[in-house]
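Asks: The following file, final-v3.tsv, comprises TSV, C-alpha atoms and all ligand atoms:
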```tsv
chain	number	residue	atom	x	y	z
A	168	MET	CA	-3.68	-19.67	-2.55
A	169	ASN	CA	-5.61	-22.64	-3.71
A	170	LEU	CA	-8.46	-24.93	-3.99
A	171	ILE	CA	-9.96	-28.31	-4.02
A	172	ASP	CA	-10.48	-30.45	-7.05
A	173	ASN	CA	-14.15	-29.76	-7.67
A	174	SER	CA	-14.54	-32.78	-9.90
A	175	THR	CA	-14.86	-34.81	-6.69
A	176	LEU	CA	-17.81	-32.75	-5.45
A	177	THR	CA	-21.48	-33.11	-6.11
A	178	HIS	CA	-23.67	-30.17	-7.14
A	179	SER	CA	-26.10	-30.39	-4.28
A	180	HIS	CA	-26.22	-26.62	-3.82
A	181	SER	CA	-26.39	-25.30	-7.33
A	182	GLU	CA	-28.16	-26.01	-10.52
A	183	ILE	CA	-25.89	-25.87	-13.50
A	184	GLU	CA	-27.80	-24.83	-16.58
A	185	ASP	CA	-27.13	-26.17	-20.08
A	186	ASP	CA	-24.95	-23.23	-21.14
A	187	GLY	CA	-22.76	-23.66	-18.04
A	188	GLU	CA	-24.19	-20.70	-16.10
A	189	VAL	CA	-25.08	-21.31	-12.47
A	190	PHE	CA	-28.36	-19.63	-11.46
A	191	ALA	CA	-28.92	-21.05	-7.98
A	192	CYS	CA	-26.82	-19.55	-5.18
A	193	PRO	CA	-23.85	-21.86	-4.45
A	194	ASN	CA	-23.75	-20.43	-0.91
A	195	CYS	CA	-27.35	-20.89	0.32
A	196	GLY	CA	-29.08	-22.79	-2.50
A	197	SER	CA	-31.67	-20.06	-3.14
A	198	GLY	CA	-32.89	-19.53	-6.71
A	199	GLY	CA	-33.27	-15.77	-6.16
A	200	THR	CA	-30.09	-14.50	-7.84
A	201	VAL	CA	-29.82	-11.52	-10.19
A	202	LEU	CA	-27.24	-10.77	-12.88
A	203	PHE	CA	-25.69	-7.29	-12.44
A	204	HIS	CA	-22.25	-7.19	-14.09
A	205	GLU	CA	-20.82	-8.82	-17.22
A	206	VAL	CA	-17.40	-8.76	-18.90
A	207	HIS	CA	-16.52	-10.93	-21.89
A	208	ASN	CA	-13.28	-12.27	-23.28
A	209	VAL	CA	-11.14	-11.94	-20.13
A	210	PRO	CA	-8.05	-14.06	-19.33
A	211	THR	CA	-9.07	-16.99	-17.15
A	212	ASN	CA	-5.74	-17.04	-15.27
A	213	SER	CA	-4.47	-13.64	-14.26
A	214	CYS	CA	-1.52	-14.88	-12.17
A	215	ILE	CA	0.11	-17.14	-14.76
A	216	LEU	CA	3.50	-16.01	-16.02
A	217	PHE	CA	4.02	-16.18	-19.77
A	218	GLU	CA	7.45	-16.49	-21.37
A	219	THR	CA	6.46	-15.03	-24.73
A	220	ARG	CA	4.14	-12.24	-25.84
A	221	ALA	CA	2.35	-14.57	-28.26
A	222	GLU	CA	1.56	-17.09	-25.52
A	223	ALA	CA	0.31	-14.28	-23.26
A	224	ILE	CA	-2.01	-12.87	-25.92
A	225	ASN	CA	-3.32	-16.32	-26.84
A	226	CYS	CA	-4.05	-17.28	-23.22
A	227	SER	CA	-7.31	-19.03	-22.39
A	228	ARG	CA	-10.27	-16.68	-22.04
A	229	GLY	CA	-13.61	-16.78	-20.33
A	230	ALA	CA	-16.37	-14.50	-19.10
A	231	ILE	CA	-17.54	-12.79	-15.94
A	232	ALA	CA	-21.25	-12.75	-15.14
A	233	LEU	CA	-21.67	-11.59	-11.54
A	234	ARG	CA	-24.92	-12.58	-9.86
A	235	PHE	CA	-26.15	-11.35	-6.48
A	236	CYS	CA	-28.12	-13.63	-4.16
A	237	GLU	CA	-31.03	-11.67	-2.72
A	238	GLU	CA	-31.34	-14.24	0.02
A	239	CYS	CA	-27.83	-14.48	1.57
A	240	GLY	CA	-26.00	-11.55	-0.10
A	241	PHE	CA	-23.42	-13.79	-1.79
A	242	ILE	CA	-21.99	-12.61	-5.14
A	243	TYR	CA	-20.54	-15.07	-7.65
A	244	ASN	CA	-19.37	-15.42	-11.22
A	245	ALA	CA	-22.03	-17.58	-12.84
A	246	SER	CA	-19.83	-18.00	-15.95
A	247	PHE	CA	-16.79	-19.24	-14.01
A	248	ARG	CA	-15.08	-22.17	-15.72
A	249	GLN	CA	-12.99	-24.31	-13.39
A	250	ASP	CA	-11.65	-26.27	-16.37
A	251	LEU	CA	-10.02	-23.08	-17.72
A	252	THR	CA	-8.11	-22.29	-14.52
A	253	GLU	CA	-4.56	-23.39	-13.84
A	254	TYR	CA	-2.87	-23.55	-10.43
A	255	SER	CA	0.49	-25.00	-11.35
A	256	GLY	CA	4.06	-23.96	-10.54
A	257	ARG	CA	3.58	-21.24	-13.24
A	258	TYR	CA	1.09	-19.56	-10.89
A	259	GLU	CA	3.01	-16.67	-9.29
A	260	GLU	CA	0.89	-15.07	-6.59
A	261	THR	CA	3.37	-14.21	-3.86
A	262	GLN	CA	3.27	-10.66	-2.45
A	263	GLY	CA	6.19	-11.45	-0.14
A	264	PHE	CA	8.53	-9.05	-1.96
A	265	SER	CA	6.57	-6.05	-0.68
A	266	PRO	CA	7.70	-4.76	2.74
A	267	THR	CA	4.13	-3.50	3.39
A	268	PHE	CA	2.65	-6.93	2.73
A	269	SER	CA	5.42	-8.76	4.61
A	270	ARG	CA	4.78	-6.60	7.68
A	271	PHE	CA	1.05	-7.29	7.52
A	272	HIS	CA	1.65	-11.02	7.04
A	273	ARG	CA	4.08	-11.25	9.97
A	274	ASN	CA	1.72	-9.27	12.23
A	275	LEU	CA	-1.16	-11.56	11.23
A	276	ALA	CA	0.91	-14.66	12.10
A	277	ALA	CA	1.93	-13.10	15.44
A	278	GLU	CA	-1.72	-12.27	16.19
A	279	MET	CA	-2.79	-15.87	15.48
A	280	VAL	CA	0.04	-17.31	17.61
A	281	GLU	CA	-0.94	-14.99	20.46
A	282	ARG	CA	-4.74	-15.28	20.32
A	283	HIS	CA	-4.86	-19.04	19.79
A	284	ASP	CA	-1.79	-19.94	21.84
A	285	LEU	CA	-0.05	-21.57	18.90
A	286	LYS	CA	3.13	-22.84	20.49
A	287	GLU	CA	4.52	-26.20	19.36
A	288	ARG	CA	1.16	-27.05	17.82
A	289	GLU	CA	0.03	-28.69	14.59
A	290	VAL	CA	-1.01	-26.07	12.06
A	291	MET	CA	-2.37	-26.60	8.60
A	292	GLU	CA	-2.96	-24.32	5.64
A	293	ILE	CA	-5.17	-25.06	2.65
A	294	GLY	CA	-3.99	-23.10	-0.38
A	295	CYS	CA	-0.64	-22.29	1.22
A	296	GLY	CA	0.92	-20.88	-1.97
A	297	LYS	CA	4.67	-20.99	-1.57
A	298	GLY	CA	4.32	-21.65	2.22
A	299	GLU	CA	5.36	-18.25	3.59
A	300	PHE	CA	2.63	-18.09	6.26
A	301	LEU	CA	3.37	-21.58	7.60
A	302	VAL	CA	7.03	-20.64	7.88
A	303	LEU	CA	6.04	-17.57	9.93
A	304	LEU	CA	3.87	-19.71	12.24
A	305	SER	CA	6.80	-22.10	12.60
A	306	GLN	CA	9.30	-19.30	13.32
A	307	LEU	CA	7.05	-17.50	15.80
A	308	GLY	CA	5.75	-20.48	17.79
A	309	GLU	CA	7.84	-23.51	16.79
A	310	ASN	CA	4.68	-24.94	15.28
A	311	ARG	CA	4.72	-27.87	12.87
A	312	GLY	CA	3.00	-27.00	9.61
A	313	ILE	CA	1.42	-28.86	6.74
A	314	GLY	CA	0.51	-26.92	3.61
A	315	VAL	CA	-1.66	-28.21	0.78
A	316	ASP	CA	-1.59	-26.41	-2.55
A	317	PRO	CA	-1.18	-27.66	-6.12
A	318	SER	CA	1.07	-24.66	-6.89
A	319	ALA	CA	3.37	-25.32	-3.88
A	320	LEU	CA	7.08	-25.33	-4.71
A	321	PRO	CA	8.73	-27.10	-1.71
A	322	GLU	CA	12.24	-26.35	-3.07
A	323	ARG	CA	11.72	-22.57	-2.57
A	324	LEU	CA	11.74	-23.17	1.21
A	325	GLU	CA	15.12	-24.91	1.30
A	326	GLY	CA	17.43	-23.33	3.85
A	327	VAL	CA	14.74	-20.92	5.18
A	328	GLU	CA	14.71	-20.65	8.99
A	329	GLY	CA	11.74	-22.56	10.44
A	330	ALA	CA	11.02	-24.39	7.17
A	331	GLU	CA	12.35	-27.65	8.63
A	332	ARG	CA	9.05	-27.99	10.51
A	333	VAL	CA	6.95	-27.28	7.39
A	334	THR	CA	5.82	-29.87	4.85
A	335	LEU	CA	4.28	-28.72	1.59
A	336	ILE	CA	2.02	-31.11	-0.30
A	337	PRO	CA	1.57	-30.07	-3.96
A	338	GLU	CA	-1.96	-31.49	-4.27
A	339	TYR	CA	-5.57	-30.31	-4.28
A	340	PHE	CA	-7.14	-30.38	-0.81
A	341	GLU	CA	-9.01	-33.51	0.23
A	342	PRO	CA	-10.60	-34.29	3.61
A	343	ARG	CA	-7.93	-36.99	4.25
A	344	HIS	CA	-5.37	-34.18	4.63
A	345	CYS	CA	-7.20	-33.31	7.91
A	346	ASP	CA	-6.87	-36.86	9.32
A	347	GLU	CA	-4.30	-35.66	11.87
A	348	GLN	CA	-6.80	-33.12	13.33
A	349	PRO	CA	-4.74	-29.92	13.34
A	350	ASP	CA	-4.98	-27.42	16.23
A	351	PHE	CA	-5.26	-24.56	13.75
A	352	LEU	CA	-6.48	-24.69	10.16
A	353	CYS	CA	-6.10	-21.63	7.97
A	354	CYS	CA	-7.07	-20.82	4.43
A	355	LYS	CA	-6.13	-17.41	3.10
A	356	MET	CA	-7.14	-15.88	-0.24
A	357	THR	CA	-8.44	-19.20	-1.54
A	358	LEU	CA	-12.17	-19.50	-0.86
A	359	GLU	CA	-12.82	-16.79	-3.46
A	360	HIS	CA	-11.43	-19.20	-6.09
A	361	ILE	CA	-13.90	-21.93	-5.14
A	362	PRO	CA	-17.29	-21.98	-6.89
A	363	GLU	CA	-19.00	-24.57	-4.67
A	364	THR	CA	-18.54	-22.62	-1.44
A	365	ALA	CA	-21.03	-24.54	0.71
A	366	ASN	CA	-19.67	-27.88	-0.45
A	367	PHE	CA	-16.12	-26.79	0.34
A	368	ILE	CA	-16.81	-25.57	3.88
A	369	GLU	CA	-18.98	-28.60	4.61
A	370	THR	CA	-16.15	-30.85	3.36
A	371	ILE	CA	-13.71	-29.22	5.78
A	372	ARG	CA	-16.21	-29.39	8.62
A	373	ALA	CA	-16.77	-33.10	7.92
A	374	GLY	CA	-13.04	-33.73	8.38
A	375	LEU	CA	-12.91	-32.07	11.83
A	376	ASP	CA	-13.70	-33.66	15.17
A	377	PRO	CA	-15.71	-31.08	17.22
A	378	ASP	CA	-14.07	-32.27	20.47
A	379	LYS	CA	-10.67	-31.17	19.17
A	380	LYS	CA	-11.98	-27.56	18.81
A	381	THR	CA	-9.69	-26.84	15.87
A	382	VAL	CA	-9.57	-23.08	15.26
A	383	VAL	CA	-10.42	-22.36	11.64
A	384	PHE	CA	-9.25	-19.06	10.13
A	385	PHE	CA	-10.24	-17.85	6.64
A	386	GLN	CA	-9.29	-14.69	4.78
A	387	VAL	CA	-10.98	-13.52	1.56
A	388	PRO	CA	-11.29	-10.22	-0.33
A	389	GLU	CA	-14.01	-8.04	1.23
A	390	ALA	CA	-16.78	-7.54	-1.32
A	391	ASP	CA	-18.71	-4.66	0.23
A	392	ARG	CA	-15.74	-2.37	-0.59
A	393	ILE	CA	-15.55	-3.73	-4.17
A	394	ILE	CA	-19.23	-3.04	-4.84
A	395	ARG	CA	-19.35	0.25	-2.90
A	396	HIS	CA	-16.27	1.74	-4.61
A	397	CYS	CA	-16.70	-0.04	-7.97
A	398	ALA	CA	-13.26	-1.62	-7.56
A	399	PHE	CA	-13.44	-3.31	-10.96
A	400	GLU	CA	-9.75	-4.23	-10.68
A	401	ASP	CA	-10.74	-6.68	-7.95
A	402	ILE	CA	-13.19	-8.54	-10.17
A	403	TYR	CA	-11.56	-11.23	-12.32
A	404	HIS	CA	-12.41	-14.62	-13.70
A	405	GLU	CA	-10.71	-16.84	-11.15
A	406	HIS	CA	-12.31	-14.94	-8.27
A	407	CYS	CA	-15.64	-16.68	-8.66
A	408	SER	CA	-16.93	-16.08	-5.09
A	409	TYR	CA	-17.33	-12.70	-3.34
A	410	PHE	CA	-18.24	-12.33	0.34
A	411	THR	CA	-19.33	-9.69	2.78
A	412	SER	CA	-19.06	-10.49	6.48
A	413	ALA	CA	-22.78	-11.41	6.53
A	414	SER	CA	-22.63	-13.94	3.68
A	415	LEU	CA	-19.37	-15.42	4.99
A	416	GLN	CA	-20.72	-15.82	8.50
A	417	TYR	CA	-23.90	-17.40	7.12
A	418	LEU	CA	-21.83	-19.89	5.11
A	419	PHE	CA	-19.82	-20.99	8.14
A	420	GLU	CA	-22.83	-21.23	10.45
A	421	GLN	CA	-24.92	-23.22	8.04
A	422	SER	CA	-21.94	-25.56	7.50
A	423	GLY	CA	-21.71	-26.42	11.21
A	424	PHE	CA	-19.26	-23.86	12.59
A	425	GLU	CA	-19.65	-21.47	15.47
A	426	VAL	CA	-18.22	-18.12	14.37
A	427	THR	CA	-16.06	-16.46	17.03
A	428	ARG	CA	-14.85	-13.38	15.14
A	429	THR	CA	-15.02	-11.53	11.84
A	430	ALA	CA	-12.88	-8.52	10.91
A	431	VAL	CA	-11.99	-6.29	7.98
A	432	GLU	CA	-8.26	-5.61	7.53
A	433	TYR	CA	-5.53	-4.36	5.19
A	434	ASP	CA	-7.13	-1.06	4.24
A	435	ASP	CA	-10.56	-2.72	4.15
A	436	GLN	CA	-9.41	-5.11	1.43
A	437	TYR	CA	-9.46	-8.36	3.42
A	438	LEU	CA	-12.28	-9.98	5.33
A	439	THR	CA	-11.35	-12.56	7.96
A	440	ILE	CA	-13.40	-15.05	9.92
A	441	GLU	CA	-12.53	-17.30	12.85
A	442	ALA	CA	-14.67	-20.27	13.84
A	443	VAL	CA	-14.67	-23.58	15.67
A	444	PRO	CA	-16.72	-26.67	14.83
A	445	ALA	CA	-20.11	-26.30	16.54
A	446	SER	CA	-21.23	-29.19	18.69
A	447	GLU	CA	-24.87	-28.62	17.76
A	448	PRO	CA	-26.27	-27.52	14.38
A	449	LEU	CA	-27.14	-23.82	14.07
A	450	LEU	CA	-30.00	-22.47	12.01
A	451	PRO	CA	-28.78	-19.09	10.78
A	452	ASN	CA	-31.02	-16.67	8.90
A	453	PRO	CA	-29.43	-15.93	5.48
A	454	ARG	CA	-31.05	-12.49	5.34
A	455	ASP	CA	-29.26	-11.18	8.45
A	456	GLY	CA	-27.08	-8.16	7.79
A	457	ASN	CA	-27.17	-7.65	4.02
A	458	SER	CA	-29.86	-5.01	3.44
A	459	ASP	CA	-27.62	-2.15	2.07
A	460	LEU	CA	-25.84	-4.46	-0.30
A	461	ALA	CA	-28.91	-4.93	-2.53
A	462	GLU	CA	-29.04	-1.16	-3.15
A	463	LEU	CA	-25.32	-0.94	-3.88
A	464	VAL	CA	-25.62	-3.83	-6.34
A	465	ALA	CA	-28.56	-2.14	-8.09
A	466	SER	CA	-26.62	1.11	-8.62
A	467	PHE	CA	-23.33	-0.66	-9.44
A	468	PRO	CA	-23.54	-0.68	-13.28
A	469	ALA	CA	-24.12	3.09	-13.58
A	470	ARG	CA	-21.51	3.97	-10.93
A	471	LEU	CA	-19.00	1.64	-12.55
A	472	GLU	CA	-19.35	3.32	-15.97
A	473	GLU	CA	-18.56	6.68	-14.40
A	474	HIS	CA	-15.56	5.26	-12.56
A	475	LYS	CA	-14.21	3.64	-15.75
A	476	LEU	CA	-14.63	6.92	-17.66
A	477	HIS	CA	-12.50	8.63	-15.05
A	478	TRP	CA	-9.63	6.15	-15.51
A	479	ARG	CA	-9.83	6.25	-19.32
A	480	HIS	CA	-9.57	10.01	-19.07
A	481	VAL	CA	-6.47	9.84	-16.81
A	482	VAL	CA	-4.66	7.58	-19.29
A	483	GLU	CA	-5.80	9.53	-22.37
A	484	GLN	CA	-4.64	12.82	-20.87
A	485	ALA	CA	-1.17	11.40	-20.21
A	486	LYS	CA	-0.92	10.06	-23.77
A	487	ALA	CA	-2.09	13.39	-25.16
A	488	LYS	CA	0.92	14.96	-23.43
A	489	GLY	CA	3.18	12.35	-25.02
A	490	GLN	CA	3.91	10.61	-21.72
A	491	THR	CA	4.91	6.99	-21.20
A	492	VAL	CA	2.35	5.21	-19.01
A	493	VAL	CA	3.37	2.41	-16.63
A	494	LEU	CA	1.26	0.29	-14.30
A	495	TRP	CA	2.91	-0.64	-11.00
A	496	GLY	CA	1.79	-4.13	-9.94
A	497	SER	CA	1.47	-6.95	-12.47
A	498	GLY	CA	-1.00	-9.20	-10.67
A	499	SER	CA	-4.69	-9.76	-11.21
A	500	LYS	CA	-5.62	-6.12	-10.59
A	501	ALA	CA	-3.45	-5.03	-13.53
A	502	VAL	CA	-4.91	-7.74	-15.77
A	503	SER	CA	-8.36	-6.47	-14.91
A	504	PHE	CA	-7.34	-2.82	-15.45
A	505	LEU	CA	-5.92	-3.61	-18.88
A	506	THR	CA	-8.84	-5.76	-20.03
A	507	SER	CA	-11.75	-3.72	-18.57
A	508	LEU	CA	-11.08	-0.18	-19.79
A	509	GLY	CA	-10.31	-0.53	-23.49
A	510	ILE	CA	-7.09	1.53	-23.08
A	511	ALA	CA	-4.55	-1.32	-23.05
A	512	GLY	CA	-2.88	0.08	-26.18
A	513	MET	CA	-2.12	3.33	-24.32
A	514	VAL	CA	-0.27	1.61	-21.47
A	515	ASP	CA	3.38	1.08	-22.34
A	516	PHE	CA	4.80	-1.16	-19.61
A	517	VAL	CA	3.95	-2.92	-16.40
A	518	THR	CA	6.41	-3.13	-13.52
A	519	ASP	CA	6.52	-5.23	-10.35
A	520	ILE	CA	8.90	-5.72	-7.44
A	521	ASN	CA	8.63	-9.52	-7.65
A	522	PRO	CA	11.75	-10.51	-9.67
A	523	ASN	CA	10.10	-13.82	-10.65
A	524	ARG	CA	7.73	-11.77	-12.81
A	525	HIS	CA	10.31	-9.69	-14.70
A	526	ASN	CA	10.71	-10.31	-18.44
A	527	HIS	CA	7.41	-12.16	-18.54
A	528	PHE	CA	4.26	-10.99	-20.32
A	529	MET	CA	0.83	-9.97	-19.03
A	530	PRO	CA	-2.02	-12.42	-19.72
A	531	GLY	CA	-4.38	-11.17	-22.40
A	532	THR	CA	-2.62	-7.99	-23.51
A	533	GLY	CA	1.00	-9.18	-23.68
A	534	HIS	CA	2.54	-6.16	-21.92
A	535	LEU	CA	6.16	-6.72	-20.91
A	536	ILE	CA	6.82	-6.77	-17.14
A	537	VAL	CA	9.96	-4.75	-16.45
A	538	SER	CA	11.92	-4.38	-13.22
A	539	PRO	CA	11.43	-1.10	-11.33
A	540	ASP	CA	15.12	-0.25	-12.01
A	541	GLN	CA	14.38	-0.16	-15.75
A	542	LEU	CA	12.04	2.79	-15.13
A	543	ALA	CA	15.13	5.04	-14.90
A	544	GLU	CA	15.60	4.50	-18.63
A	545	ILE	CA	11.89	4.27	-19.54
A	546	GLU	CA	11.20	7.63	-17.85
A	547	PRO	CA	7.45	7.25	-17.33
A	548	GLY	CA	5.30	10.38	-17.15
A	549	LEU	CA	2.51	8.56	-15.33
A	550	VAL	CA	2.69	5.57	-12.98
A	551	ILE	CA	-0.64	4.04	-11.98
A	552	VAL	CA	-0.43	2.10	-8.72
A	553	MET	CA	-2.72	-0.94	-8.81
A	554	ASN	CA	-3.12	-1.11	-5.03
A	555	ARG	CA	-3.31	2.08	-3.00
A	556	ILE	CA	-1.90	0.38	0.10
A	557	TYR	CA	1.54	0.34	-1.59
A	558	GLU	CA	1.53	4.05	-2.46
A	559	ASP	CA	4.18	5.11	0.08
A	560	GLU	CA	6.39	2.14	-0.70
A	561	ILE	CA	6.18	2.82	-4.46
A	562	THR	CA	6.68	6.59	-4.17
A	563	ALA	CA	9.82	5.93	-2.11
A	564	SER	CA	11.07	3.42	-4.71
A	565	LEU	CA	10.51	5.88	-7.57
A	566	GLU	CA	12.47	8.50	-5.70
A	567	GLN	CA	15.29	6.06	-5.11
A	568	ILE	CA	15.39	5.07	-8.80
A	569	GLY	CA	15.44	8.77	-9.68
A	570	VAL	CA	12.12	8.90	-11.53
A	571	GLU	CA	10.01	12.04	-11.33
A	572	CYS	CA	6.49	11.50	-12.56
A	573	VAL	CA	2.81	11.73	-11.71
A	574	VAL	CA	1.64	8.87	-9.46
A	575	GLU	CA	-2.05	7.93	-9.46
A	576	CYS	CA	-3.53	5.18	-7.28
A	577	LEU	CA	-6.48	3.00	-8.21
B	1	ZN	ZN	-27.43	-17.20	-1.34
```
If you convert what's in this file into structure tokens, what do you get?

Replies:
Amino acid sequence: MNLIDNSTLTHSHSEIEDDGEVFACPNCGSGGTVLFHEVHNVPTNSCILFETRAEAINCSRGAIALRFCEECGFIYNASFRQDLTEYSGRYEETQGFSPTFSRFHRNLAAEMVERHDLKEREVMEIGCGKGEFLVLLSQLGENRGIGVDPSALPERLEGVEGAERVTLIPEYFEPRHCDEQPDFLCCKMTLEHIPETANFIETIRAGLDPDKKTVVFFQVPEADRIIRHCAFEDIYHEHCSYFTSASLQYLFEQSGFEVTRTAVEYDDQYLTIEAVPASEPLLPNPRDGNSDLAELVASFPARLEEHKLHWRHVVEQAKAKGQTVVLWGSGSKAVSFLTSLGIAGMVDFVTDINPNRHNHFMPGTGHLIVSPDQLAEIEPGLVIVMNRIYEDEITASLEQIGVECVVECL
């Protein structure tokens, strides 16, 4: 994932108030935004790996104040603090160790190669993480890739098939990176980390020549599901921007793109959009397509309390039986689970299949991240899966390790 250095941007679309809260919609500029969800004292970086428990507990903290734009349907964290986020080599976001995710990622790359005829083309990725997707595009279509991401670690690609055509630039994105006019420009799981959404998309659009018809592909978490199902685990500080297909389409259209496709994928968790630079400006209506969302937002606080009570009860019941409780998945969802429910002290360990995370500590609560193999000795009574899409994969792993326990999925 990653973002642009916002210090280079102006605040043409949002008014920043004295206490740092942004009240005007960063997506459409409207002043009609309402506060509907607040969490205080949360870690500002939920993907950073900490070497010691003390460092993890003393991590930097911030607040979440979600506002809903009644005009365009955009949702954002008005208390987001860019200066408290870190996207360095310590940022460990890869999901590549999961066979379920790897399959999805490979299929997505194959779909892009097929639909956009990406064969021996120039492809670019903003927020490329460790470069896995560019390597797939290189392997599947002999494409040449450039990836821009301040947390890129070019050395991790050494010796990987197809990586010889991929260049990773460990920098924040700037329009000059587009000077070569790529055939395909993608940006996955990054826009949600950018507060000035309109500025960002306009910056990209400004770098593209409309005659080249560069295909632009973005993927973000889908916010209708989060609000509808009160998926509090998907709300965390560094996700400052939340889109539904209507607000995402509006953003692209008003920034000078013609949208060719939107879709919801990966068990309704991801929203994708495809667009090309429009030759003529469009005048989209921000109110198109977001009428149900206002109602869901209005009922969110009460529904969320009920949902949180349910999860507190699940954990308390297990502890009452003397069971060891383990969370499976140590990423942002687990950070949110541990800091939102007030039951962190009842969770004993966190496990993850990414070996880079083992023996590190969870931001905020300092839980130790153990390897799944260690569960044989830990003998959990309850494993809570942080992402339902991995249920089958995790159940199979538990069986293989020889652990018999209750498995609950968020
Ligand atoms: Zn708006």

Asks: Measuring atom to atom with all atoms listed in the file, identify which of A:Val482, A:Met553, A:Leu358, A:Leu415 is nearest to ligand ZN 1 (chain B).

Replies: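 Looking at the shortest contact to ligand ZN 1 (chain B), the residue is A:Leu415.
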
Asks: Ranking A:Phe235, A:His360, A:Arg323, A:Thr381 by minimum distance to Phe190 of chain A and counting all atoms listed in the file, which one comes first?

Replies: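 Smallest separation from Phe190 of chain A among the options: A:Phe235.
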
Asks: Using only C-alpha atoms and all ligand atoms, determine which residues fall within 9 Å of ligand ZN 1 (chain B), then list them as a count of residues only.

Replies: 22

Asks: With distances taken over all atoms listed in the file, which of A:Ile551, A:Ala543, A:Ala365, A:Ile224 is nearest to Glu566 of chain A?

Replies: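 Using all atoms listed in the file, the shortest distance to Glu566 of chain A belongs to A:Ala543.
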
Asks: May I have the residues within 9 Å of Thr370 of chain A as a VMD selection string, using only C-alpha atoms and disregarding those fewer than 5 positions away in the same chain?

Replies: chain A and resid 341 to 342 365 422

Asks: Could you check the closest approach to Val206 of chain A for each of A:Pro388, A:Pro547, A:Gly489, A:Pro468 and tell me which residue wins, using only C-alpha atoms?

Replies: A:Pro468

Asks: Between A:Glu546, A:Asp459, A:Glu328, A:Glu400, single out the one closest to Thr506 of chain A, counting only C-alpha atoms.

Replies: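 Under the stated criterion, the closest residue is A:Glu400.
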
Asks: Mind giving me the straight-line distance from atom CA of Glu420 of chain A to atom CA of Ala442 of chain A in Å, one decimal?

Replies: 8.9 Å

Asks: Would you mind telling me which residue in A:Phe528, A:Phe203, A:Tyr243, A:Phe399 lies nearest to Leu471 of chain A when using all atoms listed in the file?

Replies: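 That would be A:Phe399, the residue with the smallest distance to Leu471 of chain A.
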
Asks: Could you please fill out segment 567-577 of chain A with N, CA, C and O atoms and send it back as a PDB file, keeping the file's coordinate frame?

Replies:
```pdb
ATOM      1  N   GLN A 567      13.993   6.716  -5.183  1.00  0.00           N
ATOM      2  CA  GLN A 567      15.290   6.060  -5.110  1.00  0.00           C
ATOM      3  C   GLN A 567      15.851   5.757  -6.503  1.00  0.00           C
ATOM      4  O   GLN A 567      17.049   5.883  -6.748  1.00  0.00           O
ATOM      5  N   ILE A 568      14.958   5.376  -7.418  1.00  0.00           N
ATOM      6  CA  ILE A 568      15.390   5.070  -8.800  1.00  0.00           C
ATOM      7  C   ILE A 568      15.708   6.378  -9.536  1.00  0.00           C
ATOM      8  O   ILE A 568      16.403   6.369 -10.545  1.00  0.00           O
ATOM      9  N   GLY A 569      15.187   7.481  -9.029  1.00  0.00           N
ATOM     10  CA  GLY A 569      15.440   8.770  -9.680  1.00  0.00           C
ATOM     11  C   GLY A 569      14.403   9.106 -10.746  1.00  0.00           C
ATOM     12  O   GLY A 569      14.716   9.807 -11.709  1.00  0.00           O
ATOM     13  N   VAL A 570      13.175   8.603 -10.570  1.00  0.00           N
ATOM     14  CA  VAL A 570      12.120   8.900 -11.530  1.00  0.00           C
ATOM     15  C   VAL A 570      11.182   9.958 -10.957  1.00  0.00           C
ATOM     16  O   VAL A 570      10.705   9.825  -9.834  1.00  0.00           O
ATOM     17  N   GLU A 571      10.973  11.018 -11.738  1.00  0.00           N
ATOM     18  CA  GLU A 571      10.010  12.040 -11.330  1.00  0.00           C
ATOM     19  C   GLU A 571       8.809  11.943 -12.248  1.00  0.00           C
ATOM     20  O   GLU A 571       8.947  12.125 -13.452  1.00  0.00           O
ATOM     21  N   CYS A 572       7.664  11.613 -11.701  1.00  0.00           N
ATOM     22  CA  CYS A 572       6.490  11.500 -12.560  1.00  0.00           C
ATOM     23  C   CYS A 572       5.220  11.633 -11.723  1.00  0.00           C
ATOM     24  O   CYS A 572       5.281  11.677 -10.502  1.00  0.00           O
ATOM     25  N   VAL A 573       4.088  11.682 -12.413  1.00  0.00           N
ATOM     26  CA  VAL A 573       2.810  11.730 -11.710  1.00  0.00           C
ATOM     27  C   VAL A 573       2.489  10.303 -11.246  1.00  0.00           C
ATOM     28  O   VAL A 573       2.683   9.344 -11.985  1.00  0.00           O
ATOM     29  N   VAL A 574       2.044  10.174  -9.984  1.00  0.00           N
ATOM     30  CA  VAL A 574       1.640   8.870  -9.460  1.00  0.00           C
ATOM     31  C   VAL A 574       0.158   8.924  -9.143  1.00  0.00           C
ATOM     32  O   VAL A 574      -0.288   9.794  -8.388  1.00  0.00           O
ATOM     33  N   GLU A 575      -0.614   8.023  -9.754  1.00  0.00           N
ATOM     34  CA  GLU A 575      -2.050   7.930  -9.460  1.00  0.00           C
ATOM     35  C   GLU A 575      -2.315   6.557  -8.888  1.00  0.00           C
ATOM     36  O   GLU A 575      -1.715   5.582  -9.326  1.00  0.00           O
ATOM     37  N   CYS A 576      -3.228   6.486  -7.887  1.00  0.00           N
ATOM     38  CA  CYS A 576      -3.530   5.180  -7.280  1.00  0.00           C
ATOM     39  C   CYS A 576      -4.967   4.765  -7.604  1.00  0.00           C
ATOM     40  O   CYS A 576      -5.879   5.582  -7.489  1.00  0.00           O
ATOM     41  N   LEU A 577      -5.144   3.527  -7.952  1.00  0.00           N
ATOM     42  CA  LEU A 577      -6.480   3.000  -8.210  1.00  0.00           C
ATOM     43  C   LEU A 577      -7.285   3.013  -6.924  1.00  0.00           C
ATOM     44  O   LEU A 577      -6.736   2.794  -5.846  1.00  0.00           O
TER      45      LEU A 577
END
```
